[in-house]
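J.: File follows, data23.cif with mmCIF, C-alpha atoms and all ligand atoms:
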```cif
data_query
loop_
_atom_site.label_atom_id
_atom_site.label_comp_id
_atom_site.auth_asym_id
_atom_site.auth_seq_id
_atom_site.Cartn_x
_atom_site.Cartn_y
_atom_site.Cartn_z
CA ARG Z 1 0.00 0.00 0.00
CA VAL Z 2 1.01 3.59 -0.61
CA VAL Z 3 0.33 6.76 1.41
CA ALA Z 4 0.70 10.29 0.11
CA VAL Z 5 1.82 13.29 2.15
CA ILE Z 6 1.45 16.87 0.95
CA MET Z 7 3.47 19.53 2.78
CA VAL Z 8 1.30 22.65 2.95
CA GLY Z 9 3.51 24.86 5.17
CA GLY Z 10 1.94 27.63 7.21
CA PRO Z 11 0.96 31.29 7.42
CA THR Z 12 4.46 32.74 7.96
CA LYS Z 13 5.61 31.26 4.67
CA GLY Z 14 2.89 33.00 2.67
CA THR Z 15 4.21 36.57 2.70
CA ARG Z 16 5.20 36.64 -0.97
CA PHE Z 17 1.63 35.65 -1.75
CA ARG Z 18 0.13 38.86 -0.30
CA PRO Z 19 -2.43 40.34 -0.53
CA LEU Z 20 -4.20 37.12 -1.51
CA SER Z 21 -2.89 35.18 1.51
CA LEU Z 22 -4.59 37.71 3.82
CA ASN Z 23 -7.90 35.96 3.10
CA ILE Z 24 -7.11 32.33 2.50
CA PRO Z 25 -4.25 29.89 3.21
CA LYS Z 26 -2.15 29.79 0.04
CA PRO Z 27 -2.74 26.02 -0.49
CA LEU Z 28 -6.48 26.72 -0.83
CA PHE Z 29 -6.18 29.59 -3.33
CA PRO Z 30 -8.07 28.52 -6.47
CA LEU Z 31 -6.13 27.65 -9.64
CA ALA Z 32 -8.33 26.69 -12.58
CA GLY Z 33 -11.27 26.92 -10.16
CA GLN Z 34 -9.89 24.28 -7.73
CA PRO Z 35 -7.87 24.85 -4.54
CA MET Z 36 -4.09 24.72 -5.28
CA VAL Z 37 -3.72 21.57 -3.17
CA HIS Z 38 -6.56 19.89 -5.06
CA HIS Z 39 -4.34 19.36 -8.11
CA PRO Z 40 -1.71 17.17 -6.35
CA ILE Z 41 -4.53 15.44 -4.44
CA SER Z 42 -6.33 14.46 -7.64
CA ALA Z 43 -3.01 13.29 -9.10
CA CYS Z 44 -2.63 10.95 -6.09
CA ARG Z 45 -5.87 9.26 -7.10
CA ARG Z 46 -3.99 7.64 -10.01
CA ILE Z 47 -1.60 5.83 -7.61
CA PRO Z 48 -2.49 2.13 -7.37
CA ASN Z 49 -3.30 0.93 -3.79
CA LEU Z 50 -3.45 4.41 -2.29
CA ALA Z 51 -4.50 4.07 1.36
CA GLN Z 52 -4.59 7.67 2.65
CA ILE Z 53 -3.58 11.23 1.88
CA PHE Z 54 -2.19 13.47 4.64
CA LEU Z 55 -1.79 17.23 4.49
CA ILE Z 56 0.84 18.42 6.98
CA GLY Z 57 1.08 22.08 7.93
CA PHE Z 58 0.93 24.64 10.68
CA TYR Z 59 -2.22 26.47 9.60
CA GLU Z 60 -5.19 26.21 11.99
CA GLU Z 61 -7.10 22.96 11.61
CA LYS Z 62 -10.40 24.77 11.03
CA GLU Z 63 -9.04 26.40 7.85
CA PHE Z 64 -8.72 22.99 6.17
CA ALA Z 65 -11.64 21.14 7.85
CA LEU Z 66 -14.28 21.85 5.21
CA TYR Z 67 -12.04 21.12 2.23
CA VAL Z 68 -10.61 17.93 3.75
CA SER Z 69 -14.04 16.45 4.51
CA SER Z 70 -15.51 17.29 1.10
CA ILE Z 71 -12.51 15.93 -0.83
CA SER Z 72 -12.47 12.71 1.24
CA ASN Z 73 -16.09 12.08 0.25
CA GLU Z 74 -15.46 12.93 -3.38
CA LEU Z 75 -12.37 10.72 -3.78
CA ARG Z 76 -13.48 7.99 -1.38
CA VAL Z 77 -9.94 8.02 -0.01
CA PRO Z 78 -9.36 9.38 3.51
CA VAL Z 79 -7.71 12.81 3.37
CA ARG Z 80 -6.55 14.13 6.77
CA TYR Z 81 -5.03 17.40 7.87
CA LEU Z 82 -2.29 17.04 10.52
CA LYS Z 83 -1.32 20.25 12.31
CA GLU Z 84 2.21 20.85 13.56
CA ASP Z 85 2.47 22.97 16.71
CA LYS Z 86 5.37 24.84 15.03
CA PRO Z 87 7.37 24.48 11.81
CA HIS Z 88 9.70 21.45 11.88
CA GLY Z 89 11.07 21.87 8.34
CA SER Z 90 10.01 19.76 5.36
CA ALA Z 91 11.56 16.50 6.71
CA GLY Z 92 10.95 17.26 10.41
CA GLY Z 93 7.23 17.76 9.70
CA LEU Z 94 7.05 14.38 8.00
CA TYR Z 95 8.91 12.68 10.88
CA ASN Z 96 6.69 14.31 13.49
CA PHE Z 97 3.68 12.36 12.16
CA ARG Z 98 5.46 9.07 11.34
CA ASP Z 99 3.03 7.05 13.49
CA TYR Z 100 0.03 8.26 11.48
CA ILE Z 101 1.83 7.85 8.16
CA MET Z 102 2.95 4.30 8.99
CA GLU Z 103 -0.38 3.13 10.48
CA ASP Z 104 -1.38 1.30 7.25
CA ASN Z 105 2.10 -0.20 7.03
CA PRO Z 106 2.75 1.31 3.58
CA SER Z 107 5.53 0.08 1.29
CA HIS Z 108 5.98 3.61 -0.12
CA VAL Z 109 5.41 7.22 0.92
CA VAL Z 110 4.73 9.76 -1.82
CA LEU Z 111 5.80 13.22 -0.64
CA LEU Z 112 4.71 16.39 -2.45
CA ASN Z 113 5.27 20.12 -1.99
CA CYS Z 114 1.90 21.83 -2.30
CA ASP Z 115 3.28 24.87 -4.14
CA VAL Z 116 4.41 23.23 -7.35
CA CYS Z 117 2.39 22.96 -10.54
CA CYS Z 118 3.04 19.97 -12.79
CA SER Z 119 1.42 16.88 -14.25
CA PHE Z 120 2.55 14.79 -11.20
CA PRO Z 121 3.55 11.61 -13.08
CA LEU Z 122 3.27 9.59 -9.85
CA PRO Z 123 2.49 6.06 -11.15
CA GLN Z 124 5.43 6.31 -13.59
CA MET Z 125 7.73 7.56 -10.83
CA LEU Z 126 6.65 4.73 -8.55
CA GLU Z 127 7.48 2.15 -11.23
CA ALA Z 128 10.87 3.76 -11.88
CA HIS Z 129 11.55 3.90 -8.14
CA LYS Z 130 10.90 0.17 -7.75
CA GLY Z 131 13.33 -0.50 -10.60
CA TYR Z 132 16.09 1.63 -9.04
CA GLY Z 133 15.82 -0.10 -5.67
CA GLY Z 134 16.93 2.94 -3.61
CA MET Z 135 15.41 4.70 -0.62
CA GLY Z 136 14.06 7.63 -2.61
CA THR Z 137 13.32 8.95 -6.09
CA LEU Z 138 13.05 12.68 -6.90
CA LEU Z 139 11.17 14.23 -9.78
CA VAL Z 140 13.61 16.50 -11.66
CA ILE Z 141 13.41 18.84 -14.64
CA LYS Z 142 15.81 20.84 -16.82
CA VAL Z 143 15.30 24.61 -16.56
CA SER Z 144 17.28 27.55 -17.95
CA ALA Z 145 20.69 28.08 -16.36
CA GLU Z 146 19.60 31.58 -15.15
CA ALA Z 147 16.51 30.25 -13.35
CA ALA Z 148 18.16 27.20 -11.74
CA ASN Z 149 19.55 28.93 -8.63
CA GLN Z 150 16.06 29.45 -7.14
CA PHE Z 151 15.83 25.67 -6.69
CA GLY Z 152 17.79 22.65 -5.54
CA GLU Z 153 20.38 21.99 -8.30
CA LEU Z 154 21.58 18.45 -8.85
CA VAL Z 155 23.72 16.12 -10.91
CA ALA Z 156 22.44 12.68 -11.89
CA ASP Z 157 24.18 9.71 -13.52
CA PRO Z 158 22.96 9.74 -17.15
CA VAL Z 159 22.86 5.93 -17.29
CA THR Z 160 21.66 4.77 -13.86
CA ASN Z 161 19.79 8.01 -12.92
CA GLU Z 162 21.43 7.92 -9.51
CA LEU Z 163 21.54 11.28 -7.70
CA LEU Z 164 25.28 12.01 -7.53
CA HIS Z 165 25.36 15.55 -6.15
CA TYR Z 166 22.78 17.92 -4.63
CA THR Z 167 23.04 21.61 -3.60
CA GLU Z 168 20.09 23.70 -2.40
CA LYS Z 169 19.81 27.11 -4.13
CA PRO Z 170 23.58 27.42 -4.77
CA GLU Z 171 25.22 30.79 -5.31
CA THR Z 172 27.40 29.51 -8.14
CA PHE Z 173 25.97 27.43 -10.96
CA VAL Z 174 26.04 23.67 -10.47
CA SER Z 175 23.52 22.28 -12.93
CA ASP Z 176 20.38 23.16 -14.87
CA LEU Z 177 18.72 19.99 -13.58
CA ILE Z 178 16.58 20.89 -10.56
CA ASN Z 179 14.48 19.32 -7.80
CA CYS Z 180 10.72 19.54 -8.50
CA GLY Z 181 9.61 18.93 -4.89
CA VAL Z 182 7.91 15.60 -5.73
CA TYR Z 183 9.32 12.42 -4.14
CA ILE Z 184 8.76 8.69 -3.60
CA PHE Z 185 10.36 7.17 -0.49
CA THR Z 186 10.47 3.82 1.22
CA PRO Z 187 9.77 3.94 4.99
CA ASN Z 188 13.58 4.03 5.48
CA ILE Z 189 13.27 7.81 5.06
CA PHE Z 190 12.24 7.92 8.73
CA THR Z 191 15.51 6.26 9.78
CA ALA Z 192 17.44 8.74 7.65
CA ILE Z 193 15.69 11.68 9.39
CA GLU Z 194 16.29 10.08 12.79
CA ASP Z 195 20.01 9.82 11.97
CA VAL Z 196 20.07 13.60 11.44
CA PHE Z 197 18.50 14.12 14.90
CA MET Z 198 21.10 11.82 16.47
CA GLN Z 199 24.02 13.61 14.81
CA ARG Z 200 22.61 16.95 15.98
CA LYS Z 201 22.31 15.70 19.56
CA ASP Z 202 25.84 14.31 19.55
CA ARG Z 203 27.18 17.58 18.23
CA ALA Z 204 25.24 19.56 20.85
CA ASN Z 205 26.65 17.38 23.64
CA LEU Z 206 30.14 17.81 22.30
CA ARG Z 207 29.66 21.58 22.27
CA ARG Z 208 28.46 21.59 25.85
CA ALA Z 209 31.70 19.92 26.82
CA THR Z 210 33.92 22.34 24.89
CA SER Z 211 34.50 26.04 24.28
CA PHE Z 212 32.66 29.34 24.43
CA GLU Z 213 32.88 29.76 20.61
CA ALA Z 214 31.14 26.44 20.23
CA LEU Z 215 28.34 27.69 22.46
CA GLN Z 216 28.01 30.76 20.29
CA SER Z 217 27.72 28.72 17.11
CA ALA Z 218 25.15 26.49 18.79
CA ALA Z 219 23.01 29.56 19.43
CA LYS Z 220 22.96 30.21 15.69
CA ALA Z 221 22.17 26.58 14.82
CA LEU Z 222 18.69 25.40 13.85
CA PRO Z 223 16.46 23.94 16.57
CA PRO Z 224 17.43 20.26 17.02
CA ASP Z 225 14.03 19.01 15.81
CA TYR Z 226 14.08 21.13 12.62
CA VAL Z 227 15.13 19.01 9.63
CA ARG Z 228 15.10 20.18 6.04
CA LEU Z 229 14.61 17.52 3.41
CA ASP Z 230 16.91 19.18 0.90
CA GLN Z 231 19.98 20.35 2.86
CA ASP Z 232 19.87 17.77 5.66
CA ILE Z 233 18.81 14.62 3.80
CA LEU Z 234 19.25 14.91 0.03
CA SER Z 235 22.70 16.59 0.05
CA PRO Z 236 24.41 14.13 2.41
CA LEU Z 237 22.79 11.04 0.83
CA ALA Z 238 23.70 11.96 -2.77
CA GLY Z 239 26.23 9.58 -4.34
CA LYS Z 240 25.46 6.78 -1.87
CA LYS Z 241 23.18 4.68 -4.12
CA GLU Z 242 20.22 5.67 -1.95
CA LEU Z 243 18.61 8.35 -4.12
CA TYR Z 244 17.59 8.34 -7.78
CA THR Z 245 15.98 10.78 -10.20
CA TYR Z 246 13.05 10.67 -12.60
CA GLU Z 247 13.07 13.45 -15.22
CA THR Z 248 9.83 15.00 -16.41
CA LEU Z 249 9.61 16.51 -19.90
CA ASP Z 250 6.14 17.88 -19.13
CA PHE Z 251 5.36 21.33 -17.62
CA TRP Z 252 6.58 22.31 -14.14
CA GLU Z 253 6.44 25.60 -12.20
CA GLN Z 254 6.79 26.73 -8.62
CA ILE Z 255 3.95 28.87 -7.17
CA LYS Z 256 5.40 31.44 -4.77
CA THR Z 257 3.70 34.63 -6.03
CA PRO Z 258 0.26 35.72 -7.29
CA GLY Z 259 1.77 36.19 -10.77
CA MET Z 260 2.85 32.56 -10.87
CA SER Z 261 -0.57 31.45 -9.62
CA LEU Z 262 -2.13 33.12 -12.66
CA LYS Z 263 0.33 31.35 -14.97
CA CYS Z 264 -0.28 28.00 -13.25
CA SER Z 265 -4.04 28.45 -13.38
CA GLY Z 266 -3.60 28.55 -17.16
CA LEU Z 267 -1.39 25.45 -17.17
CA TYR Z 268 -3.97 23.48 -15.18
CA LEU Z 269 -6.81 24.73 -17.40
CA SER Z 270 -4.99 23.41 -20.46
CA GLN Z 271 -4.34 20.12 -18.66
CA PHE Z 272 -8.12 19.84 -18.08
CA ARG Z 273 -8.49 19.50 -21.90
CA HIS Z 274 -7.05 16.00 -21.46
CA THR Z 275 -7.97 15.08 -17.88
CA SER Z 276 -11.34 16.73 -17.06
CA PRO Z 277 -12.82 18.42 -20.16
CA GLN Z 278 -16.22 18.54 -18.40
CA LEU Z 279 -14.81 21.30 -16.14
CA LEU Z 280 -14.11 23.62 -19.08
CA ALA Z 281 -16.70 26.11 -20.31
CA ALA Z 282 -17.96 25.51 -23.81
CA GLY Z 283 -19.42 28.44 -25.73
CA ASP Z 284 -22.59 26.81 -27.07
CA GLY Z 285 -23.68 29.40 -29.54
CA THR Z 286 -26.19 32.24 -29.32
CA ARG Z 287 -27.50 32.14 -25.73
CA SER Z 288 -24.20 31.99 -23.85
CA ALA Z 289 -21.11 34.19 -23.74
CA THR Z 290 -18.33 33.86 -26.31
CA ILE Z 291 -15.64 31.54 -24.91
CA ILE Z 292 -12.08 31.55 -26.26
CA GLY Z 293 -9.59 28.84 -25.31
CA ASP Z 294 -9.51 27.27 -21.84
CA VAL Z 295 -11.99 28.81 -19.40
CA TYR Z 296 -13.47 27.64 -16.08
CA ILE Z 297 -16.79 29.11 -14.93
CA HIS Z 298 -18.35 28.07 -11.61
CA PRO Z 299 -21.96 26.93 -12.15
CA SER Z 300 -23.29 29.67 -9.82
CA ALA Z 301 -21.62 32.53 -11.75
CA LYS Z 302 -23.87 34.71 -13.93
CA ILE Z 303 -22.37 35.68 -17.27
CA HIS Z 304 -24.08 38.05 -19.72
CA PRO Z 305 -24.36 36.46 -23.19
CA SER Z 306 -22.59 39.42 -24.80
CA ALA Z 307 -19.43 39.00 -22.66
CA LYS Z 308 -16.29 37.61 -24.30
CA ILE Z 309 -14.12 35.40 -22.11
CA GLY Z 310 -10.74 33.72 -22.50
CA PRO Z 311 -8.19 32.34 -22.88
CA ASN Z 312 -6.95 31.39 -19.35
CA VAL Z 313 -9.87 32.74 -17.36
CA SER Z 314 -11.25 31.19 -14.23
CA ILE Z 315 -14.41 32.55 -12.62
CA SER Z 316 -15.42 31.49 -9.08
CA ALA Z 317 -18.77 31.17 -7.29
CA ASN Z 318 -21.47 33.86 -7.54
CA ALA Z 319 -19.47 36.20 -9.77
CA ARG Z 320 -21.57 38.47 -12.01
CA ILE Z 321 -20.14 39.43 -15.39
CA GLY Z 322 -22.02 42.22 -17.20
CA ALA Z 323 -22.82 42.99 -20.83
CA GLY Z 324 -19.92 43.63 -23.18
CA VAL Z 325 -17.28 42.68 -20.59
CA ARG Z 326 -13.96 41.34 -21.95
CA LEU Z 327 -11.87 39.01 -19.74
CA ILE Z 328 -8.43 37.68 -20.76
CA SER Z 329 -5.95 35.76 -18.58
CA CYS Z 330 -7.46 36.41 -15.17
CA ILE Z 331 -8.77 34.85 -11.97
CA ILE Z 332 -12.10 36.27 -10.80
CA LEU Z 333 -12.78 35.20 -7.20
CA ASP Z 334 -16.10 34.61 -5.37
CA ASP Z 335 -18.84 37.27 -5.35
CA VAL Z 336 -17.07 39.69 -7.72
CA GLU Z 337 -19.17 42.00 -9.87
CA ILE Z 338 -17.82 43.24 -13.20
CA LYS Z 339 -20.07 45.86 -14.76
CA GLU Z 340 -20.85 46.64 -18.41
CA ASN Z 341 -18.03 47.01 -20.91
CA ALA Z 342 -15.21 46.68 -18.36
CA VAL Z 343 -11.98 45.00 -19.50
CA VAL Z 344 -9.84 42.78 -17.24
CA ILE Z 345 -6.53 41.43 -18.59
CA HIS Z 346 -3.66 39.68 -16.70
CA ALA Z 347 -5.25 40.32 -13.32
CA ILE Z 348 -6.57 38.67 -10.16
CA ILE Z 349 -9.77 40.21 -8.81
CA GLY Z 350 -10.28 39.53 -5.08
CA TRP Z 351 -13.42 38.25 -3.34
CA LYS Z 352 -16.45 40.63 -3.31
CA SER Z 353 -14.70 43.27 -5.43
CA SER Z 354 -16.54 45.43 -7.89
CA ILE Z 355 -15.29 46.76 -11.22
CA GLY Z 356 -17.19 49.72 -12.69
CA LYS Z 357 -18.57 50.32 -16.19
CA TRP Z 358 -16.06 51.03 -18.97
CA SER Z 359 -13.16 50.59 -16.56
CA ARG Z 360 -9.95 48.74 -17.37
CA VAL Z 361 -7.95 46.58 -14.94
CA GLN Z 362 -4.82 45.29 -16.59
CA GLY Z 363 -1.29 43.94 -16.10
CA GLU Z 364 1.38 43.54 -18.72
CA GLY Z 365 1.43 39.78 -18.21
CA ASP Z 366 4.97 39.34 -16.93
CA TYR Z 367 4.24 36.61 -14.37
CA ASN Z 368 7.67 36.84 -12.72
CA ALA Z 369 7.75 40.63 -12.20
CA LYS Z 370 6.52 42.16 -8.95
CA LEU Z 371 4.03 44.40 -10.75
CA GLY Z 372 3.64 42.20 -13.83
CA ILE Z 373 -0.06 41.57 -13.17
CA THR Z 374 -2.70 43.69 -11.45
CA ILE Z 375 -4.11 42.34 -8.18
CA LEU Z 376 -7.17 43.65 -6.39
CA GLY Z 377 -7.42 42.52 -2.75
CA GLU Z 378 -10.73 41.52 -1.13
CA ALA Z 379 -13.63 43.97 -1.42
CA GLY Z 380 -11.78 46.34 -3.72
CA SER Z 381 -13.76 48.77 -5.78
CA VAL Z 382 -12.78 50.30 -9.12
CA GLU Z 383 -15.20 53.05 -10.08
CA ASP Z 384 -16.63 53.62 -13.58
CA GLU Z 385 -14.14 54.53 -16.34
CA VAL Z 386 -11.09 54.14 -14.07
CA VAL Z 387 -7.93 52.52 -15.49
CA VAL Z 388 -5.68 50.41 -13.19
CA ILE Z 389 -2.42 49.18 -14.76
CA ASN Z 390 0.34 46.96 -13.23
CA SER Z 391 -0.76 47.67 -9.66
CA ILE Z 392 -1.40 45.86 -6.39
CA VAL Z 393 -4.37 47.10 -4.41
CA LEU Z 394 -4.73 45.98 -0.78
CA PRO Z 395 -8.15 44.89 0.57
CA ASN Z 396 -11.08 47.32 1.01
CA LYS Z 397 -9.72 50.12 -1.23
CA THR Z 398 -11.80 52.24 -3.57
CA LEU Z 399 -10.10 53.59 -6.68
CA ASN Z 400 -11.79 56.65 -8.18
CA ILE Z 401 -8.75 57.84 -10.17
CA SER Z 402 -6.58 55.89 -12.60
CA VAL Z 403 -3.27 54.43 -11.37
CA GLN Z 404 -0.26 52.78 -12.95
CA GLU Z 405 2.69 50.82 -11.40
CA GLU Z 406 1.47 51.50 -7.87
CA ILE Z 407 1.00 49.57 -4.67
CA ILE Z 408 -2.09 50.98 -2.98
CA LEU Z 409 -1.83 50.40 0.78
N1 LIG Z 501 4.31 21.23 7.24
C1 LIG Z 501 5.39 21.92 6.94
N2 LIG Z 501 6.24 22.28 7.96
N3 LIG Z 501 5.63 22.22 5.66
C2 LIG Z 501 6.75 22.91 5.39
C3 LIG Z 501 7.67 23.32 6.38
C4 LIG Z 501 7.38 22.98 7.74
O1 LIG Z 501 8.10 23.32 8.67
N4 LIG Z 501 8.68 23.98 5.77
C5 LIG Z 501 8.39 23.96 4.45
N5 LIG Z 501 7.22 23.33 4.22
C6 LIG Z 501 6.58 23.05 2.92
C7 LIG Z 501 6.28 24.27 2.06
O2 LIG Z 501 4.94 24.69 2.21
C8 LIG Z 501 6.50 23.72 0.66
O3 LIG Z 501 5.35 23.06 0.17
C9 LIG Z 501 7.58 22.66 0.85
O4 LIG Z 501 7.51 22.27 2.22
C10 LIG Z 501 9.01 23.14 0.54
O5 LIG Z 501 9.20 24.40 1.12
P1 LIG Z 501 10.64 25.01 1.48
O6 LIG Z 501 11.34 24.07 2.39
O7 LIG Z 501 10.38 26.41 1.92
O8 LIG Z 501 11.47 24.99 0.15
P2 LIG Z 501 11.27 25.76 -1.24
O9 LIG Z 501 9.84 25.71 -1.66
O10 LIG Z 501 11.94 27.08 -1.22
O11 LIG Z 501 12.13 24.84 -2.20
C11 LIG Z 501 11.90 23.45 -2.23
O12 LIG Z 501 11.08 23.12 -3.31
C12 LIG Z 501 11.63 23.40 -4.61
C13 LIG Z 501 10.62 22.94 -5.62
O13 LIG Z 501 9.49 23.74 -5.57
C14 LIG Z 501 13.27 22.77 -2.33
O14 LIG Z 501 13.12 21.38 -2.09
C15 LIG Z 501 13.91 23.01 -3.69
O15 LIG Z 501 15.05 22.20 -3.84
C16 LIG Z 501 12.95 22.66 -4.81
O16 LIG Z 501 13.55 23.00 -6.04
#
```
Do you think you could lay out the structure here as structure tokens?
Ligand code: GDD
T.:
Amino acid sequence: RVVAVIMVGGPTKGTRFRPLSLNIPKPLFPLAGQPMVHHPISACRRIPNLAQIFLIGFYEEKEFALYVSSISNELRVPVRYLKEDKPHGSAGGLYNFRDYIMEDNPSHVVLLNCDVCCSFPLPQMLEAHKGYGGMGTLLVIKVSAEAANQFGELVADPVTNELLHYTEKPETFVSDLINCGVYIFTPNIFTAIEDVFMQRKDRANLRRATSFEALQSAAKALPPDYVRLDQDILSPLAGKKELYTYETLDFWEQIKTPGMSLKCSGLYLSQFRHTSPQLLAAGDGTRSATIIGDVYIHPSAKIHPSAKIGPNVSISANARIGAGVRLISCIILDDVEIKENAVVIHAIIGWKSSIGKWSRVQGEGDYNAKLGITILGEAGSVEDEVVVINSIVLPNKTLNISVQEEIIL
């Protein structure tokens, strides 16, 4: 049997995701109309003999309760949220809940970061992992040499796929092959994490017995129960025939900012063409709006037939889209109203916001730039005929004059 664990992190990690993370834990922010964490969860469904899915994080339990119970019913696989009392690092968090994870006596543990967007080729990875015979297999991808240093860079044996060398976010270039944050482990991973604890304890004892400088360096050290998967496990175990790699040639992105969430929403919408075409809106002629490319519209949203929508648009519950509205590359959240003839391009419109008639809310569409898309926080209001370009607007603001390249606090 196999269990899956998705690391969802916690509120302190979400600062780059502001202002959207002010309203909702980042893992529940909708991409292609589904919570971010829903995409790895539905990928887990394709794993043969999946016993349970755990989400591990340090958000309040109540924030995940509703989602976890509805998804368990839908998938008919138990999905449980396990709350850490404090961050233990990506490997420490896993270790903390080893008794729950091992309760079905699984042969393999699938471990996923929640903030990556990819096709999650989990059954294929599992097969490859069994063939390699190691303790763990990492999903890896080639990226441009300039982008690689934001990730774990690694070297793999081209013939055996063994992980030979691993460095987390190195300052000098090591390799354009990077860690995707998607792993398969045997239960031996828990022994490997325990070994790190033991070494830490030994070192701490040694320090106690020695000098003042050693005491000073101990003060700077990480808490003894904080273990990072990358630096503390992957780096030291590289080149020991314990870890192997599986390269994906499909899409892969990391979702740290609102701009990237808009890009990834589009990637998941285009994946729906193959996996869940029933979720995509189909323009069915005269009585409905004109739909271009991949679009998700929640069944409760009201769209005027003269609106033109797409590509890469996702519209959440109870949104109202008026006559003559044009939407391109945007995420429209719950209860938003967009009035007649407004245009929204490369933007995220927060919950309960309202966009006035003939107004224009637009970003240039550079998903990596700080002001590359326009974001309206919750309950924002753009008055009639106002133009908002490349700006971030915090919650509860009313814009009655046009702005460009501004952060409205
Ligand atoms: N529960 C819990 N507790 N989750 C955590 C904790 C923790 O203490 N710390 C991190 N996480 C979660 C994050 O929410 C995220 O899903 C994942 O673990 C990894 O987060 P980080 O450790 O902050 O690393 P990163 O996202 O900057 O980089 C990692 O992922 C990249 C791929 O997206 C590294 O593994 C990189 O090598 C890798 O390229």
J.: Of the candidates Z:Cys114, Z:Val227, Z:Ala204, Z:Val325, which shows the shortest atom-to-atom distance to Z:Pro87, using all atoms listed in the file?
T.: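 Ranking Z:Cys114, Z:Val227, Z:Ala204, Z:Val325 by distance to Z:Pro87, first place goes to Z:Val227.
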J.: Throw together the list of residues within 6 Å of ligand LIG 501 (chain Z), counting all atoms listed in the file, and drop it here as an mmCIF file with C-alpha atoms, in the frame of the given file.
T.:
```
data_model
loop_
_atom_site.group_PDB
_atom_site.id
_atom_site.type_symbol
_atom_site.label_atom_id
_atom_site.label_comp_id
_atom_site.auth_asym_id
_atom_site.auth_seq_id
_atom_site.Cartn_x
_atom_site.Cartn_y
_atom_site.Cartn_z
ATOM 1 C CA MET Z 7 3.470 19.530 2.780
ATOM 2 C CA VAL Z 8 1.300 22.650 2.950
ATOM 3 C CA GLY Z 9 3.510 24.860 5.170
ATOM 4 C CA ILE Z 56 0.840 18.420 6.980
ATOM 5 C CA GLY Z 57 1.080 22.080 7.930
ATOM 6 C CA PHE Z 58 0.930 24.640 10.680
ATOM 7 C CA PRO Z 87 7.370 24.480 11.810
ATOM 8 C CA HIS Z 88 9.700 21.450 11.880
ATOM 9 C CA GLY Z 89 11.070 21.870 8.340
ATOM 10 C CA SER Z 90 10.010 19.760 5.360
ATOM 11 C CA GLY Z 93 7.230 17.760 9.700
ATOM 12 C CA ASN Z 113 5.270 20.120 -1.990
ATOM 13 C CA CYS Z 114 1.900 21.830 -2.300
ATOM 14 C CA ASP Z 115 3.280 24.870 -4.140
ATOM 15 C CA VAL Z 116 4.410 23.230 -7.350
ATOM 16 C CA PHE Z 151 15.830 25.670 -6.690
ATOM 17 C CA GLY Z 152 17.790 22.650 -5.540
ATOM 18 C CA GLU Z 168 20.090 23.700 -2.400
ATOM 19 C CA ILE Z 178 16.580 20.890 -10.560
ATOM 20 C CA ASN Z 179 14.480 19.320 -7.800
ATOM 21 C CA CYS Z 180 10.720 19.540 -8.500
ATOM 22 C CA GLY Z 181 9.610 18.930 -4.890
ATOM 23 C CA ASP Z 230 16.910 19.180 0.900
ATOM 24 C CA GLN Z 254 6.790 26.730 -8.620
#
```
J.: Please report the interatomic distance between atom CA of Z:Ala91 and atom CA of Z:Ile6 in Å with one decimal.
T.: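 Atom CA of Z:Ile6 lies at a distance of 11.6 Å from atom CA of Z:Ala91.
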J.: Please list as a PyMOL selection string every residue within 9 Å of stretch 134-145 of chain Z, counting all atoms listed in the file and excluding residues in the same chain fewer than 4 positions away.
T.: chain Z and resi 120-121+125-126+128-130+149+154+162-163+173+175-189+241-252
J.: Find the residue from Z:Ala369, Z:Leu206, Z:Ile193, Z:Leu234 that sits nearest to Z:Gly259; use all atoms listed in the file when measuring.
T.: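 The closest residue to Z:Gly259 is Z:Ala369.
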J.: Which one is closest to Z:Gly266: Z:Cys330, Z:Val3, Z:Val79, Z:Ala281? Count all atoms listed in the file.
T.: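 Looking at the shortest contact to Z:Gly266, the residue is Z:Cys330.
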J.: Under the rule that all atoms listed in the file are counted, which of Z:Ala4, Z:Ile328, Z:Leu22, Z:Ile255 is the nearest residue to Z:Leu394?
T.: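 Checking each candidate against Z:Leu394, we get Z:Leu22 as the closest.
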J.: Would you mind reading off the distance between atom CA of Z:Phe97 and atom CA of Z:Arg80, one decimal, in Å?
T.: 11.7 Å
J.: Rounded to one decimal, what separation in Å do you get between atom CA of Z:Pro305 and atom CA of Z:Ser288?
T.: 4.5 Å
J.: For Z:Asn161, which of Z:Ala238, Z:Asn105, Z:Glu253, Z:Val196 is the closest residue, counting all atoms listed in the file?
T.: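 Of Z:Ala238, Z:Asn105, Z:Glu253, Z:Val196, the one nearest Z:Asn161, counting all atoms listed in the file, is Z:Ala238.
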J.: With distances taken over all atoms listed in the file, which residue among Z:Leu409, Z:Tyr268, Z:Val110, Z:Thr257 lies nearest Z:Gly372?
T.: Z:Thr257
J.: Set the distance at 10 Å and use only C-alpha atoms: which residues neighbour Z:Ile348 once local chain neighbours fewer than 2 positions away are removed? I'd like the list as a PyMOL selection string.
T.: chain Z and resi 20+258-259+261-262+313-314+329-333+344-346+350-351+361-363+373-377+392
J.: List every protein, DNA or RNA residue that has an atom no more than 8 Å from (-8.5, 26.6, -21.8) in the file's coordinate frame, counting only C-alpha atoms, and report them as a list in words.
T.: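 Residues with an atom at most 8 Å from (-8.5, 26.6, -21.8): Gly266, Leu269, Ser270, Phe272, Arg273, Leu280, Ile292, Gly293, Asp294, Val295, Tyr296, Gly310, Pro311, Asn312 and Val313 of chain Z.
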